[in-house]
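Asks: Structure file my_file36.pdb (PDB, C-alpha atoms) right here:
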```pdb
ATOM      1  CA  MET A1245      95.737 125.212 153.227
ATOM      2  CA  THR A1246      96.099 124.534 149.511
ATOM      3  CA  ASP A1247      95.775 121.081 148.020
ATOM      4  CA  LEU A1248      99.216 119.720 147.195
ATOM      5  CA  PHE A1249      97.765 117.895 144.183
ATOM      6  CA  ALA A1250      95.549 120.671 142.809
ATOM      7  CA  ALA A1251      95.952 121.518 139.138
ATOM      8  CA  PRO A1252      98.495 124.334 138.670
ATOM      9  CA  GLN A1253      96.033 126.370 136.589
ATOM     10  CA  ASP A1254      93.265 124.624 134.651
ATOM     11  CA  ALA A1255      91.312 121.489 135.428
ATOM     12  CA  TRP A1256      92.938 118.104 134.920
ATOM     13  CA  GLN A1257      92.240 116.265 131.683
ATOM     14  CA  ARG A1258      91.006 112.872 132.886
ATOM     15  CA  VAL A1259      91.462 109.503 131.197
ATOM     16  CA  SER A1260      88.752 107.377 129.586
ATOM     17  CA  PRO A1261      86.183 105.451 131.662
ATOM     18  CA  ALA A1262      87.283 102.402 129.661
ATOM     19  CA  LEU A1263      90.370 102.267 131.921
ATOM     20  CA  ALA A1264      88.147 101.162 134.829
ATOM     21  CA  THR A1265      86.765  98.385 132.625
ATOM     22  CA  ARG A1266      90.297  97.268 131.756
ATOM     23  CA  ASP A1267      91.292  97.273 135.420
ATOM     24  CA  ARG A1268      88.190  95.302 136.406
ATOM     25  CA  LEU A1269      88.882  92.690 133.732
ATOM     26  CA  ALA A1270      92.493  92.427 134.875
ATOM     27  CA  ALA A1271      91.369  92.001 138.499
ATOM     28  CA  ALA A1272      88.861  89.322 137.521
ATOM     29  CA  SER A1273      91.481  87.452 135.488
ATOM     30  CA  PHE A1274      93.633  87.219 138.633
ATOM     31  CA  TRP A1275      91.109  86.735 141.445
ATOM     32  CA  VAL A1276      88.547  84.433 139.783
ATOM     33  CA  PRO A1277      91.012  81.616 138.923
ATOM     34  CA  LEU A1278      92.407  81.867 142.444
ATOM     35  CA  ALA A1279      88.902  81.511 143.877
ATOM     36  CA  VAL A1280      88.234  78.513 141.630
ATOM     37  CA  VAL A1281      91.417  76.785 142.803
ATOM     38  CA  GLY A1282      90.477  77.481 146.421
ATOM     39  CA  ALA A1283      86.964  76.108 145.840
ATOM     40  CA  VAL A1284      88.336  72.929 144.253
ATOM     41  CA  VAL A1285      90.722  72.408 147.178
ATOM     42  CA  ALA A1286      87.866  72.995 149.629
ATOM     43  CA  ALA A1287      85.597  70.515 147.810
ATOM     44  CA  VAL A1288      88.078  67.661 147.303
ATOM     45  CA  PRO A1289      88.324  65.127 150.135
ATOM     46  CA  LEU A1290      91.547  66.288 151.746
ATOM     47  CA  PRO A1291      92.636  66.720 155.350
ATOM     48  CA  THR A1292      90.618  69.316 157.243
ATOM     49  CA  TRP A1293      93.460  71.833 157.349
ATOM     50  CA  ALA A1294      93.795  71.711 153.541
ATOM     51  CA  ARG A1295      90.070  72.180 153.006
ATOM     52  CA  LEU A1296      90.049  75.113 155.450
ATOM     53  CA  LEU A1297      92.980  76.595 153.555
ATOM     54  CA  GLY A1298      90.923  76.265 150.356
ATOM     55  CA  VAL A1299      88.007  78.096 151.980
ATOM     56  CA  ALA A1300      90.383  80.825 153.174
ATOM     57  CA  VAL A1301      91.752  81.222 149.642
ATOM     58  CA  VAL A1302      88.195  81.593 148.291
ATOM     59  CA  VAL A1303      87.376  84.247 150.895
ATOM     60  CA  VAL A1304      90.578  86.189 150.233
ATOM     61  CA  ALA A1305      90.026  85.987 146.468
ATOM     62  CA  LEU A1306      86.442  87.230 146.705
ATOM     63  CA  VAL A1307      87.409  90.086 149.015
ATOM     64  CA  GLY A1308      90.320  90.988 146.716
ATOM     65  CA  LEU A1309      88.018  90.987 143.703
ATOM     66  CA  ALA A1310      85.459  93.146 145.502
ATOM     67  CA  VAL A1311      88.100  95.675 146.566
ATOM     68  CA  ASP A1312      89.742  95.863 143.139
ATOM     69  CA  TRP A1313      86.348  96.075 141.426
ATOM     70  CA  SER A1314      85.105  98.885 143.651
ATOM     71  CA  LEU A1315      88.342 100.913 143.491
ATOM     72  CA  ALA A1316      88.756 100.706 139.705
ATOM     73  CA  GLU A1317      86.626 103.778 139.023
ATOM     74  CA  ARG A1318      88.198 105.817 141.839
ATOM     75  CA  ARG A1319      91.698 105.020 140.544
ATOM     76  CA  ARG A1320      90.618 105.963 137.026
ATOM     77  CA  ALA A1321      89.083 109.226 138.185
ATOM     78  CA  ARG A1322      92.370 110.222 139.881
ATOM     79  CA  ARG A1323      94.455 109.764 136.737
ATOM     80  CA  GLY A1324      94.915 112.815 134.620
ATOM     81  CA  TYR A1325      97.249 115.197 132.880
ATOM     82  CA  LEU A1326      97.679 118.870 132.261
ATOM     83  CA  GLU A1327      99.585 120.567 129.459
ATOM     84  CA  THR A1328     101.146 123.866 130.453
ATOM     85  CA  GLU A1329     103.354 126.248 128.500
ATOM     86  CA  ASP A1330     106.575 124.646 129.787
ATOM     87  CA  GLU A1331     105.712 121.148 131.012
ATOM     88  CA  VAL A1332     103.313 118.244 131.112
ATOM     89  CA  VAL A1333     101.948 117.362 134.544
ATOM     90  CA  LEU A1334     100.594 113.885 135.336
ATOM     91  CA  THR A1335      98.701 112.856 138.454
ATOM     92  CA  GLU A1336      97.407 109.577 139.865
ATOM     93  CA  GLY A1337      96.567 107.728 143.049
ATOM     94  CA  VAL A1338      93.746 107.258 145.513
ATOM     95  CA  LEU A1339      95.534 106.336 148.731
ATOM     96  CA  PHE A1340      99.073 107.154 147.629
ATOM     97  CA  ARG A1341      98.803 110.172 145.352
ATOM     98  CA  SER A1342     101.530 111.436 143.080
ATOM     99  CA  MET A1343     102.094 114.309 140.710
ATOM    100  CA  THR A1344     104.867 114.147 138.121
ATOM    101  CA  VAL A1345     105.993 117.315 136.360
ATOM    102  CA  VAL A1346     108.042 116.753 133.211
ATOM    103  CA  PRO A1347     109.487 119.895 131.581
ATOM    104  CA  TYR A1348     109.420 119.742 127.780
ATOM    105  CA  GLY A1349     113.135 120.519 127.702
ATOM    106  CA  ARG A1350     113.856 117.314 129.657
ATOM    107  CA  LEU A1351     111.772 114.984 127.470
ATOM    108  CA  GLN A1352     113.736 112.480 125.422
ATOM    109  CA  TYR A1353     110.950 110.547 123.727
ATOM    110  CA  VAL A1354     107.267 109.694 123.942
ATOM    111  CA  ASP A1355     105.795 106.178 123.589
ATOM    112  CA  VAL A1356     102.214 105.236 122.826
ATOM    113  CA  GLU A1357     101.262 101.588 123.186
ATOM    114  CA  ALA A1358      98.102  99.518 123.339
ATOM    115  CA  GLY A1359      97.675  95.801 123.882
ATOM    116  CA  PRO A1360      94.802  93.772 122.448
ATOM    117  CA  LEU A1361      92.418  94.555 125.314
ATOM    118  CA  GLN A1362      93.267  98.259 125.245
ATOM    119  CA  ARG A1363      92.735  98.388 121.474
ATOM    120  CA  ARG A1364      89.373  96.652 121.905
ATOM    121  CA  LEU A1365      88.394  99.273 124.517
ATOM    122  CA  GLY A1366      89.705 102.147 122.367
ATOM    123  CA  ILE A1367      92.393 103.275 124.810
ATOM    124  CA  ALA A1368      96.183 103.504 124.837
ATOM    125  CA  THR A1369      99.032 104.125 127.273
ATOM    126  CA  LEU A1370     101.259 107.164 126.804
ATOM    127  CA  THR A1371     104.724 107.125 128.383
ATOM    128  CA  VAL A1372     107.025 110.144 128.486
ATOM    129  CA  HIS A1373     110.721 109.424 129.000
ATOM    130  CA  THR A1374     113.501 111.688 130.162
ATOM    131  CA  ALA A1375     117.235 111.089 130.427
ATOM    132  CA  SER A1376     116.621 109.866 133.974
ATOM    133  CA  PRO A1377     114.686 106.581 134.163
ATOM    134  CA  ARG A1378     113.225 107.718 137.480
ATOM    135  CA  THR A1379     111.258 110.514 135.836
ATOM    136  CA  ALA A1380     109.586 108.470 133.118
ATOM    137  CA  ALA A1381     105.845 108.858 133.577
ATOM    138  CA  THR A1382     103.039 106.652 132.302
ATOM    139  CA  LEU A1383      99.466 107.652 131.588
ATOM    140  CA  PRO A1384      97.219 104.677 130.770
ATOM    141  CA  GLY A1385      93.634 104.960 129.614
ATOM    142  CA  LEU A1386      93.846 107.753 127.073
ATOM    143  CA  PRO A1387      91.414 107.451 124.172
ATOM    144  CA  THR A1388      93.516 106.445 121.153
ATOM    145  CA  ASP A1389      92.847 109.715 119.297
ATOM    146  CA  GLU A1390      93.851 111.749 122.350
ATOM    147  CA  ALA A1391      96.999 109.649 122.858
ATOM    148  CA  ALA A1392      98.057 110.281 119.253
ATOM    149  CA  ARG A1393      97.274 113.998 119.565
ATOM    150  CA  LEU A1394      99.179 114.322 122.839
ATOM    151  CA  ARG A1395     102.177 112.425 121.443
ATOM    152  CA  GLY A1396     102.259 114.856 118.509
ATOM    153  CA  VAL A1397     101.909 117.922 120.737
ATOM    154  CA  LEU A1398     104.621 116.781 123.147
ATOM    155  CA  THR A1399     106.981 115.874 120.314
ATOM    156  CA  GLU A1400     106.442 119.253 118.660
ATOM    157  CA  ARG A1401     106.983 121.180 121.904
ATOM    158  CA  VAL A1402     110.207 119.289 122.537
ATOM    159  CA  ARG A1403     111.432 120.064 119.002
ATOM    160  CA  GLU A1404     110.638 123.750 119.529
ATOM    161  CA  ARG A1405     112.930 123.752 122.548
ATOM    162  CA  GLY A1406     115.722 121.920 120.713
ATOM    163  CA  ALA A1407     115.985 118.976 123.095
ATOM    164  CA  GLY A1408     115.115 115.318 123.401
ATOM    165  CA  VAL A1409     112.884 113.557 120.892
TER     166      VAL A1409
END
```
What does this structure look like when you write it as C-alpha coordinates?
Replies:
Amino acid sequence: MTDLFAAPQDAWQRVSPALATRDRLAAASFWVPLAVVGAVVAAVPLPTWARLLGVAVVVVALVGLAVDWSLAERRRARRGYLETEDEVVLTEGVLFRSMTVVPYGRLQYVDVEAGPLQRRLGIATLTVHTASPRTAATLPGLPTDEAARLRGVLTERVRERGAGV
(Lines of atoms letter the chains of each structure in order from A and count residues from 1; the text may use other names and numbers.)
(Lines give C-alpha, C1' and ligand atoms only; values in the text may rest on other atoms or scores of the structure.)
Protein backbone atom coordinates (compact mmCIF):
# COMPACT_ATOMS: atom_id res chain seq x y z
CA MET A 1 0.00 0.00 0.00
CA THR A 2 1.37 3.41 -0.94
CA ASP A 3 1.40 6.33 1.45
CA LEU A 4 -1.38 8.74 0.55
CA PHE A 5 0.79 11.66 1.66
CA ALA A 6 4.08 10.61 0.06
CA ALA A 7 5.84 13.18 -2.10
CA PRO A 8 4.80 12.81 -5.76
CA GLN A 9 8.43 12.63 -6.90
CA ASP A 10 11.17 14.27 -4.82
CA ALA A 11 11.48 14.74 -1.09
CA TRP A 12 9.44 17.43 0.63
CA GLN A 13 11.11 20.77 1.30
CA ARG A 14 10.55 21.25 5.04
CA VAL A 15 10.06 24.52 6.90
CA SER A 16 12.48 26.12 9.37
CA PRO A 17 12.99 24.74 12.90
CA ALA A 18 12.22 28.27 14.08
CA LEU A 19 8.53 27.48 13.46
CA ALA A 20 8.57 25.11 16.45
CA THR A 21 10.01 27.92 18.57
CA ARG A 22 7.24 30.26 17.42
CA ASP A 23 4.59 27.66 18.20
CA ARG A 24 6.07 27.00 21.65
CA LEU A 25 6.10 30.71 22.45
CA ALA A 26 2.51 31.03 21.28
CA ALA A 27 1.48 28.06 23.44
CA ALA A 28 3.26 29.51 26.47
CA SER A 29 1.61 32.90 25.96
CA PHE A 30 -1.80 31.18 26.18
CA TRP A 31 -1.28 28.46 28.80
CA VAL A 32 0.99 30.23 31.31
CA PRO A 33 -1.40 33.15 32.04
CA LEU A 34 -4.23 30.65 32.38
CA ALA A 35 -2.19 28.66 34.90
CA VAL A 36 -1.37 31.83 36.83
CA VAL A 37 -5.05 32.78 37.04
CA GLY A 38 -5.90 29.27 38.22
CA ALA A 39 -3.13 29.41 40.84
CA VAL A 40 -4.36 32.77 42.14
CA VAL A 41 -7.93 31.45 42.40
CA ALA A 42 -6.66 28.34 44.20
CA ALA A 43 -4.60 30.42 46.66
CA VAL A 44 -7.18 33.09 47.53
CA PRO A 45 -9.53 32.27 50.42
CA LEU A 46 -12.64 31.34 48.47
CA PRO A 47 -15.21 28.59 48.85
CA THR A 48 -13.77 25.10 48.44
CA TRP A 49 -15.43 24.53 45.07
CA ALA A 50 -13.83 27.71 43.67
CA ARG A 51 -10.38 26.76 44.95
CA LEU A 52 -10.76 23.26 43.48
CA LEU A 53 -11.78 24.85 40.19
CA GLY A 54 -8.59 26.94 40.35
CA VAL A 55 -6.50 23.80 40.90
CA ALA A 56 -8.26 22.11 37.97
CA VAL A 57 -7.49 25.10 35.74
CA VAL A 58 -3.80 24.91 36.73
CA VAL A 59 -3.68 21.19 35.93
CA VAL A 60 -5.41 21.64 32.57
CA ALA A 61 -3.13 24.56 31.69
CA LEU A 62 0.03 22.63 32.55
CA VAL A 63 -1.10 19.57 30.60
CA GLY A 64 -2.07 21.78 27.65
CA LEU A 65 1.32 23.48 27.73
CA ALA A 66 3.12 20.13 27.90
CA VAL A 67 1.16 18.73 24.95
CA ASP A 68 1.59 21.84 22.80
CA TRP A 69 5.28 22.06 23.70
CA SER A 70 5.98 18.43 22.86
CA LEU A 71 3.99 18.45 19.59
CA ALA A 72 5.50 21.68 18.22
CA GLU A 73 8.45 19.94 16.59
CA ARG A 74 6.34 17.09 15.17
CA ARG A 75 3.90 19.59 13.63
CA ARG A 76 6.82 21.55 12.18
CA ALA A 77 8.42 18.43 10.74
CA ARG A 78 5.17 17.54 8.92
CA ARG A 79 4.91 20.90 7.16
CA GLY A 80 6.47 21.08 3.76
CA TYR A 81 6.12 21.89 0.10
CA LEU A 82 7.12 20.55 -3.25
CA GLU A 83 7.45 22.43 -6.52
CA THR A 84 6.62 20.35 -9.57
CA GLU A 85 6.48 21.29 -13.24
CA ASP A 86 2.74 22.09 -13.10
CA GLU A 87 1.84 22.73 -9.46
CA VAL A 88 2.92 23.48 -5.93
CA VAL A 89 2.06 20.83 -3.35
CA LEU A 90 1.78 21.65 0.36
CA THR A 91 1.47 19.16 3.20
CA GLU A 92 0.88 19.41 6.95
CA GLY A 93 -0.56 17.63 9.95
CA VAL A 94 0.38 15.08 12.58
CA LEU A 95 -2.96 13.56 13.56
CA PHE A 96 -5.07 15.06 10.78
CA ARG A 97 -2.84 15.17 7.71
CA SER A 98 -3.57 17.11 4.56
CA MET A 99 -2.02 17.62 1.16
CA THR A 100 -3.04 20.59 -0.98
CA VAL A 101 -2.17 20.63 -4.68
CA VAL A 102 -2.42 24.03 -6.34
CA PRO A 103 -1.89 24.08 -10.13
CA TYR A 104 0.03 27.15 -11.30
CA GLY A 105 -2.74 27.91 -13.78
CA ARG A 106 -5.23 28.29 -10.90
CA LEU A 107 -3.09 30.63 -8.78
CA GLN A 108 -4.38 34.18 -8.47
CA TYR A 109 -1.81 35.71 -6.15
CA VAL A 110 0.85 34.90 -3.58
CA ASP A 111 1.22 36.61 -0.18
CA VAL A 112 4.26 36.64 2.07
CA GLU A 113 3.82 38.02 5.57
CA ALA A 114 5.73 38.06 8.83
CA GLY A 115 4.75 39.48 12.19
CA PRO A 116 7.24 40.84 14.72
CA LEU A 117 7.97 37.44 16.27
CA GLN A 118 8.37 35.77 12.88
CA ARG A 119 10.73 38.53 11.72
CA ARG A 120 12.76 38.10 14.91
CA LEU A 121 13.00 34.35 14.22
CA GLY A 122 13.83 34.91 10.53
CA ILE A 123 10.73 33.18 9.17
CA ALA A 124 7.69 34.17 7.12
CA THR A 125 4.31 32.76 6.08
CA LEU A 126 3.60 32.18 2.40
CA THR A 127 -0.04 31.99 1.27
CA VAL A 128 -1.11 30.99 -2.23
CA HIS A 129 -4.59 32.07 -3.30
CA THR A 130 -6.80 30.78 -6.07
CA ALA A 131 -10.15 32.01 -7.34
CA SER A 132 -11.78 29.67 -4.82
CA PRO A 133 -11.23 30.69 -1.18
CA ARG A 134 -11.37 27.03 -0.21
CA THR A 135 -8.15 26.25 -2.04
CA ALA A 136 -6.00 28.99 -0.54
CA ALA A 137 -3.06 27.29 1.16
CA THR A 138 -0.76 28.64 3.85
CA LEU A 139 2.80 27.60 4.57
CA PRO A 140 4.20 29.16 7.76
CA GLY A 141 7.79 28.85 8.90
CA LEU A 142 9.68 29.43 5.68
CA PRO A 143 13.04 31.16 6.10
CA THR A 144 12.55 34.72 4.81
CA ASP A 145 14.96 34.24 1.88
CA GLU A 146 13.19 31.04 0.84
CA ALA A 147 9.76 32.70 1.14
CA ALA A 148 10.89 35.53 -1.15
CA ARG A 149 12.43 33.07 -3.62
CA LEU A 150 9.33 30.88 -3.67
CA ARG A 151 7.04 33.89 -4.12
CA GLY A 152 9.13 34.94 -7.13
CA VAL A 153 9.18 31.44 -8.62
CA LEU A 154 5.43 30.95 -8.20
CA THR A 155 4.66 34.38 -9.63
CA GLU A 156 6.90 33.73 -12.64
CA ARG A 157 5.38 30.30 -13.31
CA VAL A 158 1.89 31.77 -13.17
CA ARG A 159 2.88 34.52 -15.63
CA GLU A 160 4.32 31.90 -17.99
CA ARG A 161 0.93 30.20 -18.06
CA GLY A 162 -0.95 33.46 -18.62
CA ALA A 163 -3.20 33.23 -15.57
CA GLY A 164 -3.69 34.68 -12.12
CA VAL A 165 -1.11 36.93 -10.50
Asks: Between A:Val1280, A:Thr1328, A:Arg1319, A:Glu1400, which one has atoms that come closest to Leu1306 (chain A), using all atoms listed in the file?
Replies: A:Val1280
Asks: Quote the spacing between CA of Val1372 (chain A) and CA of Phe1249 (chain A) in Å to one decimal place.
Replies: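 Pair CA of Val1372 (chain A) / CA of Phe1249 (chain A) returns 19.8 Å.
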Asks: To one decimal place in Å, what is the distance between CA of Ser1260 (chain A) and CA of Leu1386 (chain A)?
Replies: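 Separation of CA of Ser1260 (chain A) and CA of Leu1386 (chain A): 5.7 Å.
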Asks: Name the residues in contact with Val1354 (chain A) at a cut-off of 10 Å, using all atoms listed in the file, excluding same-chain residues fewer than 2 positions from it; report them as a list in words.
Replies: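 Counting only the stated atoms, we get Leu1351, Gln1352, Val1356, Leu1370, Thr1371, Val1372, His1373, Thr1374, Ala1380, Ala1381, Thr1382, Leu1394, Arg1395, Gly1396, Leu1398, Thr1399, Gly1408 and Val1409 of chain A.
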Asks: Could you tell me which of A:Pro1387, A:Gly1298, A:Gly1359, A:Pro1347 comes closest to Leu1326 (chain A) if we count all atoms listed in the file?
Replies: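 Among the listed residues, the smallest separation from Leu1326 (chain A) belongs to A:Pro1347.
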Asks: Could you list, as an NGL selection string, every residue matched by the PyMOL selection byres ((chain A and resi 1330) around 9) in this structure?
Replies: :A and (1327-1329 or 1331-1332 or 1346-1349 or 1401)
Asks: Quote the spacing between CA of Ser1342 (chain A) and CA of Ala1250 (chain A) in Å to one decimal place.
Replies: 11.0 Å
Asks: Once the PyMOL selection byres ((chain A and resi 1264-1272) around 10) has been applied to the shown file, what residues remain in the selection, as a PDB file with C-alpha atoms, in the coordinates of the input?
Replies:
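The result, stored in out07.pdb:
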```pdb
ATOM      1  CA  VAL A1259      91.462 109.503 131.197  1.00  0.00           C
ATOM      2  CA  SER A1260      88.752 107.377 129.586  1.00  0.00           C
ATOM      3  CA  PRO A1261      86.183 105.451 131.662  1.00  0.00           C
ATOM      4  CA  ALA A1262      87.283 102.402 129.661  1.00  0.00           C
ATOM      5  CA  LEU A1263      90.370 102.267 131.921  1.00  0.00           C
ATOM      6  CA  SER A1273      91.481  87.452 135.488  1.00  0.00           C
ATOM      7  CA  PHE A1274      93.633  87.219 138.633  1.00  0.00           C
ATOM      8  CA  TRP A1275      91.109  86.735 141.445  1.00  0.00           C
ATOM      9  CA  VAL A1276      88.547  84.433 139.783  1.00  0.00           C
ATOM     10  CA  PRO A1277      91.012  81.616 138.923  1.00  0.00           C
ATOM     11  CA  LEU A1278      92.407  81.867 142.444  1.00  0.00           C
ATOM     12  CA  ALA A1305      90.026  85.987 146.468  1.00  0.00           C
ATOM     13  CA  LEU A1306      86.442  87.230 146.705  1.00  0.00           C
ATOM     14  CA  GLY A1308      90.320  90.988 146.716  1.00  0.00           C
ATOM     15  CA  LEU A1309      88.018  90.987 143.703  1.00  0.00           C
ATOM     16  CA  ALA A1310      85.459  93.146 145.502  1.00  0.00           C
ATOM     17  CA  VAL A1311      88.100  95.675 146.566  1.00  0.00           C
ATOM     18  CA  ASP A1312      89.742  95.863 143.139  1.00  0.00           C
ATOM     19  CA  TRP A1313      86.348  96.075 141.426  1.00  0.00           C
ATOM     20  CA  SER A1314      85.105  98.885 143.651  1.00  0.00           C
ATOM     21  CA  LEU A1315      88.342 100.913 143.491  1.00  0.00           C
ATOM     22  CA  ALA A1316      88.756 100.706 139.705  1.00  0.00           C
ATOM     23  CA  GLU A1317      86.626 103.778 139.023  1.00  0.00           C
ATOM     24  CA  ARG A1318      88.198 105.817 141.839  1.00  0.00           C
ATOM     25  CA  ARG A1319      91.698 105.020 140.544  1.00  0.00           C
ATOM     26  CA  ARG A1320      90.618 105.963 137.026  1.00  0.00           C
ATOM     27  CA  ALA A1321      89.083 109.226 138.185  1.00  0.00           C
ATOM     28  CA  LEU A1361      92.418  94.555 125.314  1.00  0.00           C
ATOM     29  CA  GLN A1362      93.267  98.259 125.245  1.00  0.00           C
ATOM     30  CA  ARG A1364      89.373  96.652 121.905  1.00  0.00           C
ATOM     31  CA  LEU A1365      88.394  99.273 124.517  1.00  0.00           C
ATOM     32  CA  ILE A1367      92.393 103.275 124.810  1.00  0.00           C
ATOM     33  CA  GLY A1385      93.634 104.960 129.614  1.00  0.00           C
TER      34      GLY A1385
END
```
Asks: Complete the atom set of region 1263-1278 of chain A to N, CA and C atoms and return it as a PDB file, keeping the file's coordinate frame.
Replies:
```
ATOM      1  N   LEU A1263      89.257 102.738 131.089  1.00  0.00           N
ATOM      2  CA  LEU A1263      90.370 102.267 131.921  1.00  0.00           C
ATOM      3  C   LEU A1263      89.846 101.480 133.119  1.00  0.00           C
ATOM      4  N   ALA A1264      88.736 101.906 133.705  1.00  0.00           N
ATOM      5  CA  ALA A1264      88.147 101.162 134.829  1.00  0.00           C
ATOM      6  C   ALA A1264      87.696  99.780 134.376  1.00  0.00           C
ATOM      7  N   THR A1265      87.159  99.687 133.178  1.00  0.00           N
ATOM      8  CA  THR A1265      86.765  98.385 132.625  1.00  0.00           C
ATOM      9  C   THR A1265      87.982  97.491 132.466  1.00  0.00           C
ATOM     10  N   ARG A1266      89.062  98.045 131.914  1.00  0.00           N
ATOM     11  CA  ARG A1266      90.297  97.268 131.756  1.00  0.00           C
ATOM     12  C   ARG A1266      90.808  96.772 133.097  1.00  0.00           C
ATOM     13  N   ASP A1267      90.807  97.652 134.091  1.00  0.00           N
ATOM     14  CA  ASP A1267      91.292  97.273 135.420  1.00  0.00           C
ATOM     15  C   ASP A1267      90.406  96.210 136.061  1.00  0.00           C
ATOM     16  N   ARG A1268      89.107  96.314 135.855  1.00  0.00           N
ATOM     17  CA  ARG A1268      88.190  95.302 136.406  1.00  0.00           C
ATOM     18  C   ARG A1268      88.404  93.949 135.736  1.00  0.00           C
ATOM     19  N   LEU A1269      88.610  93.944 134.433  1.00  0.00           N
ATOM     20  CA  LEU A1269      88.882  92.690 133.732  1.00  0.00           C
ATOM     21  C   LEU A1269      90.206  92.081 134.182  1.00  0.00           C
ATOM     22  N   ALA A1270      91.203  92.921 134.394  1.00  0.00           N
ATOM     23  CA  ALA A1270      92.493  92.427 134.875  1.00  0.00           C
ATOM     24  C   ALA A1270      92.354  91.846 136.283  1.00  0.00           C
ATOM     25  N   ALA A1271      91.588  92.507 137.139  1.00  0.00           N
ATOM     26  CA  ALA A1271      91.369  92.001 138.499  1.00  0.00           C
ATOM     27  C   ALA A1271      90.641  90.666 138.458  1.00  0.00           C
ATOM     28  N   ALA A1272      89.626  90.570 137.628  1.00  0.00           N
ATOM     29  CA  ALA A1272      88.861  89.322 137.521  1.00  0.00           C
ATOM     30  C   ALA A1272      89.739  88.193 136.989  1.00  0.00           C
ATOM     31  N   SER A1273      90.625  88.500 136.048  1.00  0.00           N
ATOM     32  CA  SER A1273      91.481  87.452 135.488  1.00  0.00           C
ATOM     33  C   SER A1273      92.486  86.929 136.514  1.00  0.00           C
ATOM     34  N   PHE A1274      92.756  87.692 137.556  1.00  0.00           N
ATOM     35  CA  PHE A1274      93.633  87.219 138.633  1.00  0.00           C
ATOM     36  C   PHE A1274      92.842  86.542 139.749  1.00  0.00           C
ATOM     37  N   TRP A1275      91.822  87.218 140.265  1.00  0.00           N
ATOM     38  CA  TRP A1275      91.109  86.735 141.445  1.00  0.00           C
ATOM     39  C   TRP A1275      90.182  85.556 141.185  1.00  0.00           C
ATOM     40  N   VAL A1276      89.507  85.517 140.046  1.00  0.00           N
ATOM     41  CA  VAL A1276      88.547  84.433 139.783  1.00  0.00           C
ATOM     42  C   VAL A1276      89.246  83.075 139.693  1.00  0.00           C
ATOM     43  N   PRO A1277      90.339  82.924 138.918  1.00  0.00           N
ATOM     44  CA  PRO A1277      91.012  81.616 138.923  1.00  0.00           C
ATOM     45  C   PRO A1277      91.517  81.208 140.308  1.00  0.00           C
ATOM     46  N   LEU A1278      91.965  82.175 141.086  1.00  0.00           N
ATOM     47  CA  LEU A1278      92.407  81.867 142.444  1.00  0.00           C
ATOM     48  C   LEU A1278      91.246  81.355 143.285  1.00  0.00           C
TER      49      LEU A1278
END
```
